[in-house]
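The next block is my_file24.cif, given as mmCIF, C-alpha atoms and all ligand atoms.
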```cif
data_structure
loop_
_atom_site.label_atom_id
_atom_site.label_comp_id
_atom_site.auth_asym_id
_atom_site.auth_seq_id
_atom_site.Cartn_x
_atom_site.Cartn_y
_atom_site.Cartn_z
CA MET A 9 5.23 24.33 45.18
CA ASN A 10 4.72 25.40 41.58
CA ARG A 11 1.78 24.28 39.48
CA THR A 12 3.59 21.48 37.71
CA LEU A 13 4.80 20.00 40.94
CA GLN A 14 1.33 20.22 42.39
CA THR A 15 0.03 18.38 39.35
CA PHE A 16 2.51 15.60 39.82
CA TYR A 17 1.86 15.43 43.50
CA LYS A 18 -1.79 14.88 42.61
CA ILE A 19 -0.96 12.14 40.13
CA TYR A 20 1.25 10.24 42.50
CA GLU A 21 -1.33 10.46 45.21
CA PHE A 22 -3.71 8.63 42.93
CA TYR A 23 -1.38 5.90 41.75
CA PRO A 24 0.18 3.76 44.45
CA ASN A 25 1.81 1.47 41.96
CA LEU A 26 2.94 4.03 39.49
CA ILE A 27 6.44 3.54 38.28
CA HIS A 28 8.49 6.42 37.15
CA ILE A 29 11.67 6.14 35.18
CA PRO A 30 13.69 9.29 34.78
CA THR A 31 16.54 9.05 32.33
CA SER A 32 18.78 11.84 33.43
CA LYS A 33 22.32 11.68 32.18
CA ASN A 34 23.43 14.36 34.63
CA ILE A 35 22.30 13.24 38.02
CA PHE A 36 23.63 9.75 38.46
CA ARG A 37 27.18 8.91 37.69
CA ARG A 38 27.59 5.59 35.98
CA CYS A 39 30.00 3.41 37.88
CA ARG A 40 30.57 -0.04 36.53
CA PRO A 41 34.17 -0.86 37.25
CA ILE A 42 33.71 -4.57 37.75
CA SER A 43 33.33 -6.77 34.72
CA ASP A 44 30.66 -9.35 34.77
CA ALA A 45 31.97 -11.64 37.48
CA ARG A 46 28.69 -13.43 38.01
CA ASN A 47 27.80 -13.85 34.38
CA ILE A 48 24.93 -11.41 34.47
CA ALA A 49 23.83 -9.51 31.38
CA SER A 50 26.19 -6.79 30.24
CA SER A 51 25.32 -3.14 30.80
CA ALA A 52 23.55 -0.94 28.30
CA PRO A 53 25.18 -0.25 24.96
CA SER A 54 24.45 3.48 25.13
CA GLY A 55 25.76 3.92 28.69
CA ASN A 56 22.63 5.83 29.80
CA LEU A 57 22.11 6.21 33.51
CA MET A 58 18.99 4.74 34.94
CA LYS A 59 16.82 5.33 37.97
CA VAL A 60 13.52 3.58 38.58
CA THR A 61 11.12 4.80 41.26
CA ILE A 62 8.42 2.45 42.50
CA VAL A 63 5.47 4.21 44.11
CA GLY A 64 3.62 1.75 46.33
CA ALA A 65 6.87 -0.14 46.85
CA ALA A 66 5.92 -1.59 50.24
CA GLY A 67 2.85 -3.37 48.87
CA LYS A 68 2.55 -7.02 47.91
CA ILE A 69 3.49 -6.46 44.29
CA GLY A 70 5.90 -3.64 45.09
CA GLN A 71 8.11 -5.72 47.37
CA SER A 72 8.59 -8.60 44.95
CA LEU A 73 8.98 -6.16 42.09
CA CYS A 74 11.75 -4.30 43.90
CA LEU A 75 13.58 -7.56 44.62
CA MET A 76 13.45 -8.48 40.94
CA LEU A 77 14.57 -5.06 39.76
CA LYS A 78 17.40 -4.99 42.33
CA GLN A 79 18.88 -7.90 40.39
CA SER A 80 19.01 -6.01 37.11
CA PRO A 81 22.43 -4.79 36.04
CA LEU A 82 20.68 -2.25 33.83
CA ILE A 83 19.31 -0.20 36.74
CA ASP A 84 21.62 2.14 38.66
CA VAL A 85 19.24 3.35 41.35
CA LEU A 86 16.03 1.81 42.60
CA CYS A 87 14.00 4.29 44.62
CA LEU A 88 11.21 3.02 46.88
CA HIS A 89 8.30 5.20 47.87
CA ASP A 90 5.21 4.33 49.87
CA ILE A 91 2.89 5.89 52.40
CA LYS A 92 3.86 2.98 54.64
CA PRO A 93 7.39 2.78 56.10
CA THR A 94 10.00 1.73 53.55
CA SER A 95 13.28 2.06 55.43
CA GLY A 96 13.48 -1.49 56.88
CA PHE A 97 12.50 -3.08 53.63
CA ALA A 98 15.00 -0.85 51.82
CA MET A 99 17.78 -1.82 54.24
CA GLU A 100 17.07 -5.48 53.61
CA LEU A 101 17.30 -4.90 49.88
CA THR A 102 20.65 -3.15 50.28
CA HIS A 103 22.02 -6.46 51.58
CA VAL A 104 21.39 -8.07 48.21
CA ASP A 105 24.84 -8.00 46.66
CA THR A 106 24.08 -6.44 43.34
CA ASN A 107 25.26 -3.08 42.08
CA CYS A 108 21.90 -1.32 41.97
CA LYS A 109 21.66 1.36 44.71
CA ILE A 110 18.58 1.59 46.92
CA THR A 111 16.99 4.79 48.18
CA ALA A 112 13.80 4.98 50.22
CA PHE A 113 11.15 7.58 50.97
CA THR A 114 7.99 7.43 53.05
CA GLY A 115 4.85 9.52 53.13
CA LYS A 116 3.10 11.91 50.79
CA ASP A 117 5.41 14.77 51.72
CA ASN A 118 8.37 12.74 50.50
CA LEU A 119 6.96 11.83 47.15
CA LEU A 120 8.61 14.70 45.34
CA PRO A 121 12.02 14.03 46.87
CA ALA A 122 11.59 10.43 45.71
CA LEU A 123 11.16 11.81 42.22
CA ASP A 124 14.10 14.16 42.62
CA ASN A 125 14.45 16.71 39.88
CA PHE A 126 11.41 15.24 38.15
CA LYS A 127 10.36 18.74 37.17
CA ASP A 128 13.57 19.21 35.21
CA TYR A 129 13.05 16.32 32.89
CA PHE A 130 9.46 15.18 33.18
CA LEU A 131 9.05 15.06 29.42
CA GLN A 132 11.83 12.46 29.30
CA ALA A 133 10.53 10.42 32.22
CA PHE A 134 8.65 7.26 31.46
CA ILE A 135 5.53 6.58 33.53
CA ALA A 136 4.16 3.04 33.76
CA ILE A 137 0.93 2.47 35.66
CA GLY A 138 0.17 -0.96 37.10
CA THR A 139 -2.55 0.05 39.54
CA ASN A 140 -6.05 -1.01 38.61
CA PRO A 141 -8.25 0.01 36.94
CA VAL A 142 -5.49 0.39 34.36
CA ASN A 143 -8.05 1.03 31.57
CA SER A 144 -9.20 4.19 33.39
CA LEU A 145 -6.07 5.30 35.21
CA VAL A 146 -4.01 5.70 32.03
CA PRO A 147 -6.52 8.15 30.44
CA MET A 148 -6.82 9.92 33.78
CA ALA A 149 -3.04 10.26 34.13
CA CYS A 150 -2.74 11.56 30.59
CA GLU A 151 -5.38 14.23 31.26
CA VAL A 152 -3.66 15.34 34.46
CA LEU A 153 -0.33 15.50 32.63
CA LYS A 154 -1.95 17.51 29.82
CA LYS A 155 -3.34 19.97 32.34
CA GLY A 156 0.13 20.29 33.87
CA GLY A 157 1.60 21.01 30.43
CA CYS A 158 3.87 18.02 30.69
CA TYR A 159 2.22 15.30 28.66
CA ASN A 160 4.20 13.13 26.31
CA PRO A 161 1.91 10.46 24.84
CA LYS A 162 4.89 8.30 23.91
CA THR A 163 6.00 7.82 27.50
CA VAL A 164 2.85 6.95 29.47
CA PHE A 165 2.03 3.23 29.66
CA GLY A 166 -0.59 1.01 31.28
CA ILE A 167 0.98 -2.31 32.25
CA THR A 168 -0.86 -5.25 30.69
CA THR A 169 2.14 -7.60 30.54
CA LEU A 170 0.56 -10.05 32.99
CA ASP A 171 -1.98 -10.98 30.33
CA THR A 172 0.81 -11.68 27.85
CA VAL A 173 2.76 -13.68 30.42
CA ARG A 174 -0.31 -15.78 31.15
CA ALA A 175 -1.08 -16.20 27.44
CA ASN A 176 2.46 -17.39 26.72
CA THR A 177 2.28 -19.87 29.59
CA PHE A 178 -1.11 -21.36 28.69
CA VAL A 179 -0.24 -21.66 25.00
CA ALA A 180 3.05 -23.36 25.87
CA GLN A 181 1.18 -25.85 28.08
CA VAL A 182 -1.27 -26.76 25.32
CA GLN A 183 1.36 -26.99 22.61
CA GLY A 184 4.00 -28.72 24.71
CA LEU A 185 6.51 -25.90 24.12
CA GLU A 186 8.97 -24.12 26.40
CA PRO A 187 7.11 -21.01 27.70
CA GLU A 188 10.19 -18.89 26.99
CA CYS A 189 9.81 -19.65 23.27
CA VAL A 190 6.19 -18.56 23.00
CA VAL A 191 5.04 -15.04 22.14
CA VAL A 192 1.36 -14.17 22.08
CA PRO A 193 0.15 -10.63 21.41
CA VAL A 194 -2.63 -9.56 23.77
CA ILE A 195 -4.56 -6.42 22.86
CA GLY A 196 -7.50 -4.44 24.25
CA GLY A 197 -7.40 -3.56 27.94
CA HIS A 198 -6.75 -5.13 31.34
CA THR A 199 -10.15 -6.38 32.52
CA GLU A 200 -11.82 -9.71 31.93
CA GLU A 201 -14.05 -8.39 29.12
CA THR A 202 -11.37 -6.29 27.44
CA ILE A 203 -8.42 -8.71 27.32
CA ILE A 204 -8.14 -9.98 23.73
CA PRO A 205 -5.47 -12.68 23.35
CA VAL A 206 -4.58 -12.85 19.65
CA LEU A 207 -3.89 -16.57 19.56
CA SER A 208 -4.06 -16.58 15.76
CA LYS A 209 -0.74 -14.71 15.83
CA ALA A 210 0.93 -16.86 18.50
CA LYS A 211 4.53 -17.70 17.69
CA PRO A 212 6.09 -20.12 16.95
CA CYS A 213 2.86 -22.01 16.33
CA ALA A 214 -0.71 -20.74 16.01
CA GLU A 215 -2.53 -23.99 15.35
CA PHE A 216 -5.30 -24.68 17.82
CA THR A 217 -8.61 -26.52 17.82
CA ASN A 218 -11.64 -24.35 18.49
CA GLU A 219 -11.92 -25.92 21.92
CA GLU A 220 -8.29 -25.05 22.71
CA LEU A 221 -8.84 -21.48 21.52
CA GLU A 222 -11.81 -21.05 23.83
CA ASN A 223 -10.13 -22.73 26.81
CA ILE A 224 -6.91 -20.73 26.54
CA THR A 225 -8.79 -17.47 26.05
CA MET A 226 -10.99 -18.11 29.08
CA SER A 227 -7.99 -19.18 31.19
CA ILE A 228 -6.30 -15.85 30.44
CA ARG A 229 -9.42 -13.76 30.99
CA LYS A 230 -10.39 -15.55 34.18
CA ALA A 231 -6.88 -16.03 35.58
CA HIS A 232 -7.38 -13.49 38.33
CA GLU A 233 -10.76 -14.96 39.34
CA ASN A 234 -9.31 -18.47 39.36
CA ILE A 235 -6.44 -17.41 41.61
CA LEU A 236 -8.82 -15.65 43.97
CA LYS A 237 -10.78 -18.88 44.38
CA LEU A 238 -7.65 -20.61 45.69
CA LYS A 239 -6.09 -17.79 47.72
CA PRO A 240 -8.70 -15.22 48.72
CA PRO A 241 -8.51 -12.30 49.26
CA ASP A 242 -5.09 -12.03 47.66
CA SER A 243 -4.61 -11.06 44.06
CA ALA A 244 -1.70 -12.39 42.05
CA PRO A 245 1.22 -10.43 43.46
CA LEU A 246 4.03 -12.78 42.40
CA SER A 247 3.13 -13.17 38.74
CA SER A 248 2.09 -9.50 38.63
CA ALA A 249 5.48 -8.46 39.99
CA PHE A 250 7.20 -10.75 37.49
CA ALA A 251 5.22 -9.29 34.59
CA THR A 252 5.72 -5.72 35.78
CA ALA A 253 9.46 -6.29 36.17
CA ARG A 254 9.59 -7.66 32.65
CA PHE A 255 7.85 -4.59 31.30
CA ILE A 256 10.07 -2.22 33.28
CA ILE A 257 13.21 -3.96 32.09
CA SER A 258 11.94 -3.68 28.51
CA LEU A 259 11.42 0.06 29.00
CA VAL A 260 14.88 0.37 30.51
CA LYS A 261 16.42 -1.53 27.60
CA ALA A 262 14.54 0.62 25.09
CA ILE A 263 15.72 3.80 26.81
CA GLN A 264 19.26 2.46 26.72
CA GLY A 265 19.12 1.83 22.99
CA TYR A 266 18.64 -1.91 22.79
CA PRO A 267 16.99 -2.73 19.44
CA ASP A 268 13.78 -4.65 18.70
CA ILE A 269 12.08 -4.19 22.07
CA ILE A 270 8.41 -5.03 21.56
CA GLU A 271 5.83 -5.15 24.35
CA CYS A 272 2.05 -4.86 24.49
CA ALA A 273 0.84 -2.00 26.70
CA LEU A 274 -2.12 0.35 27.02
CA VAL A 275 -1.23 3.69 25.49
CA SER A 276 -2.76 6.74 23.90
CA SER A 277 -3.64 5.41 20.50
CA LYS A 278 -4.90 6.28 17.04
CA VAL A 279 -5.15 2.75 15.72
CA HIS A 280 -8.93 2.46 16.24
CA PRO A 281 -11.28 5.39 15.55
CA GLN A 282 -13.43 4.82 18.66
CA LEU A 283 -10.66 4.12 21.15
CA LYS A 284 -8.38 6.90 22.38
CA TYR A 285 -6.43 4.37 24.43
CA LEU A 286 -5.73 0.79 23.53
CA SER A 287 -3.26 -1.94 24.33
CA THR A 288 -1.45 -3.13 21.21
CA PRO A 289 2.07 -4.35 20.45
CA LEU A 290 4.51 -1.43 20.58
CA LEU A 291 8.02 -1.05 19.29
CA LEU A 292 9.83 0.74 22.11
CA GLY A 293 12.79 3.05 21.70
CA PRO A 294 14.80 5.62 23.66
CA ASN A 295 11.95 8.14 23.38
CA GLY A 296 9.17 5.75 24.33
CA VAL A 297 6.79 4.36 21.72
CA ALA A 298 8.85 4.32 18.54
CA LYS A 299 6.05 2.70 16.55
CA ASN A 300 2.60 1.48 17.48
CA LEU A 301 2.41 -1.85 15.68
CA GLY A 302 -1.38 -1.65 15.73
CA ILE A 303 -4.07 -4.30 15.86
CA PRO A 304 -2.85 -7.53 14.28
CA GLU A 305 -5.11 -9.13 11.69
CA LEU A 306 -7.74 -10.85 13.81
CA SER A 307 -9.57 -14.14 13.36
CA ASP A 308 -13.39 -14.06 13.41
CA PHE A 309 -13.34 -15.21 17.04
CA GLU A 310 -10.89 -12.45 18.01
CA SER A 311 -12.77 -9.80 16.00
CA CYS A 312 -15.95 -10.75 17.81
CA MET A 313 -14.22 -10.39 21.20
CA PHE A 314 -12.74 -7.08 20.13
CA ASP A 315 -16.11 -5.68 18.97
CA ASN A 316 -17.68 -6.78 22.25
CA ALA A 317 -14.90 -5.06 24.22
CA ILE A 318 -15.22 -1.67 22.49
CA PRO A 319 -18.17 -0.31 24.57
CA THR A 320 -16.46 -1.33 27.82
CA LEU A 321 -13.18 0.24 26.78
CA ILE A 322 -14.95 3.47 25.76
CA SER A 323 -16.74 3.60 29.09
CA ASP A 324 -13.56 2.80 31.08
CA ILE A 325 -11.69 5.57 29.24
CA LYS A 326 -14.50 8.06 29.87
CA MET A 327 -14.57 7.12 33.55
CA GLY A 328 -10.89 8.00 33.92
CA GLU A 329 -11.26 11.26 32.02
CA LYS A 330 -14.37 12.32 33.92
CA PHE A 331 -12.62 11.72 37.22
CA VAL A 332 -10.34 14.64 36.43
CA GLY A 333 -13.09 16.82 34.98
CA VAL A 334 -12.88 16.08 31.27
CA GLN A 335 -16.40 16.22 29.88
CA ASP A 336 -17.82 14.76 26.69
CA PRO A 337 -18.00 17.33 23.87
CA PRO A 338 -21.40 19.11 23.85
CA PRO A 339 -23.97 17.12 21.88
CA CYS A 340 -24.94 20.29 20.03
CA ASP A 341 -23.29 23.52 18.99
CA PRO A 342 -24.55 26.60 20.83
CA CYS A 343 -22.68 29.30 18.93
CA ASP A 344 -21.40 28.23 15.53
CA PRO A 345 -23.62 29.97 12.90
CA ASN A 346 -23.14 26.98 10.58
CA PRO A 347 -22.96 24.17 13.08
CA LYS A 348 -21.94 20.69 12.04
CA ALA A 349 -23.57 19.33 15.18
CA PRO A 350 -27.33 19.89 15.56
CA ARG A 351 -28.38 23.27 16.98
CA CYS A 352 -28.87 23.26 20.75
CA PRO A 353 -32.37 23.44 22.16
CA LYS A 354 -33.18 26.92 23.56
CA ASN A 355 -32.79 25.92 27.18
CA TRP A 356 -29.48 24.07 26.60
CA CYS A 357 -27.34 26.52 28.52
N1 LIG A 401 -1.55 -4.27 35.95
C1 LIG A 401 -1.52 -5.50 36.44
O1 LIG A 401 -1.21 -6.47 35.74
C2 LIG A 401 -1.88 -5.77 37.87
C3 LIG A 401 -1.81 -7.05 38.38
C4 LIG A 401 -2.15 -7.27 39.71
C5 LIG A 401 -2.54 -6.22 40.51
N2 LIG A 401 -2.60 -4.98 39.97
C6 LIG A 401 -2.96 -3.81 40.78
O2 LIG A 401 -1.78 -3.33 41.45
C7 LIG A 401 -2.18 -2.59 42.60
C8 LIG A 401 -1.33 -2.95 43.81
O3 LIG A 401 -1.56 -4.27 44.18
P1 LIG A 401 -0.91 -4.86 45.53
O4 LIG A 401 -1.39 -6.26 45.62
O5 LIG A 401 0.55 -4.62 45.56
O6 LIG A 401 -1.63 -3.96 46.62
P2 LIG A 401 -1.11 -3.57 48.06
O7 LIG A 401 -2.28 -2.97 48.76
O8 LIG A 401 -0.41 -4.72 48.71
O9 LIG A 401 -0.01 -2.45 47.80
C9 LIG A 401 -0.31 -1.14 47.47
C10 LIG A 401 0.74 -0.26 48.14
O10 LIG A 401 0.54 1.09 47.72
C11 LIG A 401 0.72 1.93 48.85
N3 LIG A 401 0.03 3.20 48.60
C12 LIG A 401 -1.28 3.46 48.66
N4 LIG A 401 -1.51 4.77 48.38
C13 LIG A 401 -0.30 5.34 48.15
C14 LIG A 401 0.11 6.66 47.83
N5 LIG A 401 -0.76 7.67 47.69
N6 LIG A 401 1.43 6.88 47.64
C15 LIG A 401 2.34 5.86 47.78
N7 LIG A 401 1.99 4.60 48.09
C16 LIG A 401 0.68 4.33 48.28
C17 LIG A 401 0.14 1.15 50.01
O11 LIG A 401 0.63 1.61 51.25
C18 LIG A 401 0.63 -0.26 49.68
O12 LIG A 401 1.89 -0.53 50.26
C19 LIG A 401 -3.67 -2.87 42.76
O13 LIG A 401 -4.38 -1.76 42.23
C20 LIG A 401 -3.92 -4.09 41.89
O14 LIG A 401 -5.24 -4.14 41.42
C21 LIG A 401 -2.27 -4.73 38.69
O1 LIG A 402 -5.07 -7.82 41.29
C1 LIG A 402 -5.89 -7.44 40.45
O2 LIG A 402 -6.60 -6.46 40.64
C2 LIG A 402 -6.08 -8.21 39.18
C3 LIG A 402 -4.85 -8.33 38.40
O3 LIG A 402 -4.74 -7.25 37.55
C4 LIG A 402 -4.86 -9.61 37.64
O4 LIG A 402 -5.04 -9.58 36.42
O5 LIG A 402 -4.68 -10.67 38.27
#
```
Kindly present the structure from the file in structure tokens form.
Ligand SMILES: NC(=O)c1ccc[n+]([C@@H]2O[C@H](COP(=O)([O-])OP(=O)(O)OC[C@H]3O[C@@H](n4cnc5c(N)ncnc54)[C@H](O)[C@@H]3O)[C@@H](O)[C@H]2O)c1
Ligand SMILES: O=C(O)C[C@H](O)C(=O)O
Amino acid sequence: MNRTLQTFYKIYEFYPNLIHIPTSKNIFRRCRPISDARNIASSAPSGNLMKVTIVGAAGKIGQSLCLMLKQSPLIDVLCLHDIKPTSGFAMELTHVDTNCKITAFTGKDNLLPALDNFKDYFLQAFIAIGTNPVNSLVPMACEVLKKGGCYNPKTVFGITTLDTVRANTFVAQVQGLEPECVVVPVIGGHTEETIIPVLSKAKPCAEFTNEELENITMSIRKAHENILKLKPPDSAPLSSAFATARFIISLVKAIQGYPDIIECALVSSKVHPQLKYLSTPLLLGPNGVAKNLGIPELSDFESCMFDNAIPTLISDIKMGEKFVGVQDPPPCDPCDPNPKAPRCPKNWC
């Protein structure tokens, strides 16, 4: 196994719910002879071929996610990988009468076959990480990819869509709107203290009383805790699968050239000087992040939440980086004759 493959093996070992989307035009032959008999969405305008691999597919989120993705006419092949058996579950999915093909792989030794030819086009592949802690796993994945010489910052995403889905729902409830009509940007990260719903930019209507603002914000931040109270020890696999499927379909559409695809996700970022990774609204295109739309103008309440989240985000990012051996820069400069940093004490080395 060459070094790059070893690197990827290592990554996929770490991330049970990592989703990998190669976009090879060569490997899968597009075959859509039947017009839309069941009134499902039409296929991609660009005609790209699409394979999605779910790692951790046999888990609670993975199973529902696969069922949702199997229904997408935009996906040609759905590949399931898990360390647990996947063949029975895969066979059941093949009985769902949609066009998307199912392949299945089990065990660590079969991870690379599940990602067939990954090495040939890894810089084109999109990687979306849903496994927690997302705030740390995205920086960690990026560092591993950098070490493997195959890092493309535009194509590595941490999935935070569940926070947006919850925000849209709670805002719609308060405002008496259809949830499908509501769009709320959610920035920051994916933990209670780092989720920043930007309700001041909610569309179509951003008018709330202070009490509503606080209640909606807390409902989003504490959604996981509130679910756990009612169904311990489960998490929220159904809504998580729904949100993840939405994000994956958005990536697929972006790859296939659909215009105006905007999603919030945690990515390598330059929009805030202290935060190397941040979730913000992103314009997605065929090559990944086409434009980071940055931090929307925040209300005082949102700015306060954001400022409070910065130390946690910094520490979460560092935790991920340290896990794969990335150290903080030295606090002093041992060898530069005109150091910008203070000189090291004598015993520093
Ligand atoms: N980003 C989000 O919005 C969000 C929301 C909810 C949950 N989560 C996270 O998603 C993750 C999965 O949740 P779940 O409820 O499906 O858990 P789960 O335990 O039911 O499923 C995880 C699956 O991953 C498999 N797995 C473990 N190690 C593997 C490896 N090395 N290679 C391949 N497969 C492996 C397991 O066998 C299992 O089937 C958790 O980390 C959870 O915290 C994220
Ligand atoms: O399941 C989890 O770990 C939490 C999940 O990310 C959630 O927001 O509900």
**OP:** Would you list the residues that come within 12 Å of ligand LIG 402 (chain A)? Count all atoms listed in the file and give the answer as number ranges by chain.
**Re:** A: 25, 67-69, 137-143, 166-175, 197-203, 227-237, 239-252
**OP:** Go through A:Thr114, A:Ser80, A:Asn295, A:Asn300 and flag the residue nearest ligand LIG 401 (chain A), using only C-alpha atoms and all ligand atoms for the distances.
**Re:**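 For ligand LIG 401 (chain A), the nearest of the candidates is A:Thr114.
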Original post:
For ligand LIG 401 (chain A), which residue out of A:Leu86, A:Arg254, A:Asn223, A:Thr111 is the nearest one, using all atoms listed in the file?
Top reply: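 Of all the options, A:Arg254 lies closest to ligand LIG 401 (chain A).
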Original post:
Which one is closest to ligand LIG 401 (chain A): A:Ile204, A:Ala133, A:Leu75, A:Leu145? Count only C-alpha atoms and all ligand atoms.
Top reply: A:Leu145
**OP:** Find, counting all atoms listed in the file, the residue in A:Pro304, A:Ile270, A:Ile257, A:Ser287 that gets nearest to ligand LIG 401 (chain A).
**Re:**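 Ranked by minimum distance to ligand LIG 401 (chain A), first place goes to A:Ser287.
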**OP:** Rank nothing, just name the residue among A:Leu291, A:Val63, A:Leu123, A:Ala136 nearest to ligand LIG 401 (chain A), using all atoms listed in the file.
**Re:** A:Val63
**OP:** Find the residues near Gly293 (chain A): any atom within 10 Å, counting all atoms listed in the file, skip ones fewer than 5 places away on the same chain, and give them as a PyMOL selection string.
**Re:** chain A and resi 162+258-270+298-299
Original post:
Quick one: of A:Met58, A:Val332, A:Ile110, A:Val146, who's nearest to ligand LIG 401 (chain A), counting all atoms listed in the file?
Top reply: A:Val146
Original post:
To one decimal place, how far is atom N1 of ligand LIG 401 (chain A) from CA of His103 (chain A) in Å?
Top reply: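 Result for atom N1 of ligand LIG 401 (chain A) versus CA of His103 (chain A): 28.4 Å, one decimal.
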Subject >> Exercise: Leu301 (chain A) partners within 10 Å, all atoms listed in the file, chain neighbours under 5 positions left out, as a list in words >> reply: Ile270, Glu271, Cys272, Val279, Thr288, Pro289, Leu290 and Leu291 of chain A
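What separates atom C6 of ligand LIG 401 (chain A) from CA of Asp84 (chain A) is a distance of 25.4 Å.
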**OP:** Would you work out the distance separating CA of Ile325 (chain A) from atom N1 of ligand LIG 401 (chain A), expressed in Å to one decimal?
**Re:**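 Computed distance, CA of Ile325 (chain A) to atom N1 of ligand LIG 401 (chain A), equals 15.6 Å.
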Original post:
What lies within 10 Å of Tyr159 (chain A) using all atoms listed in the file, ignoring chain neighbours under 4 positions off, as a ChimeraX atom specification?
Top reply: /A:130-131,149-155,163-164
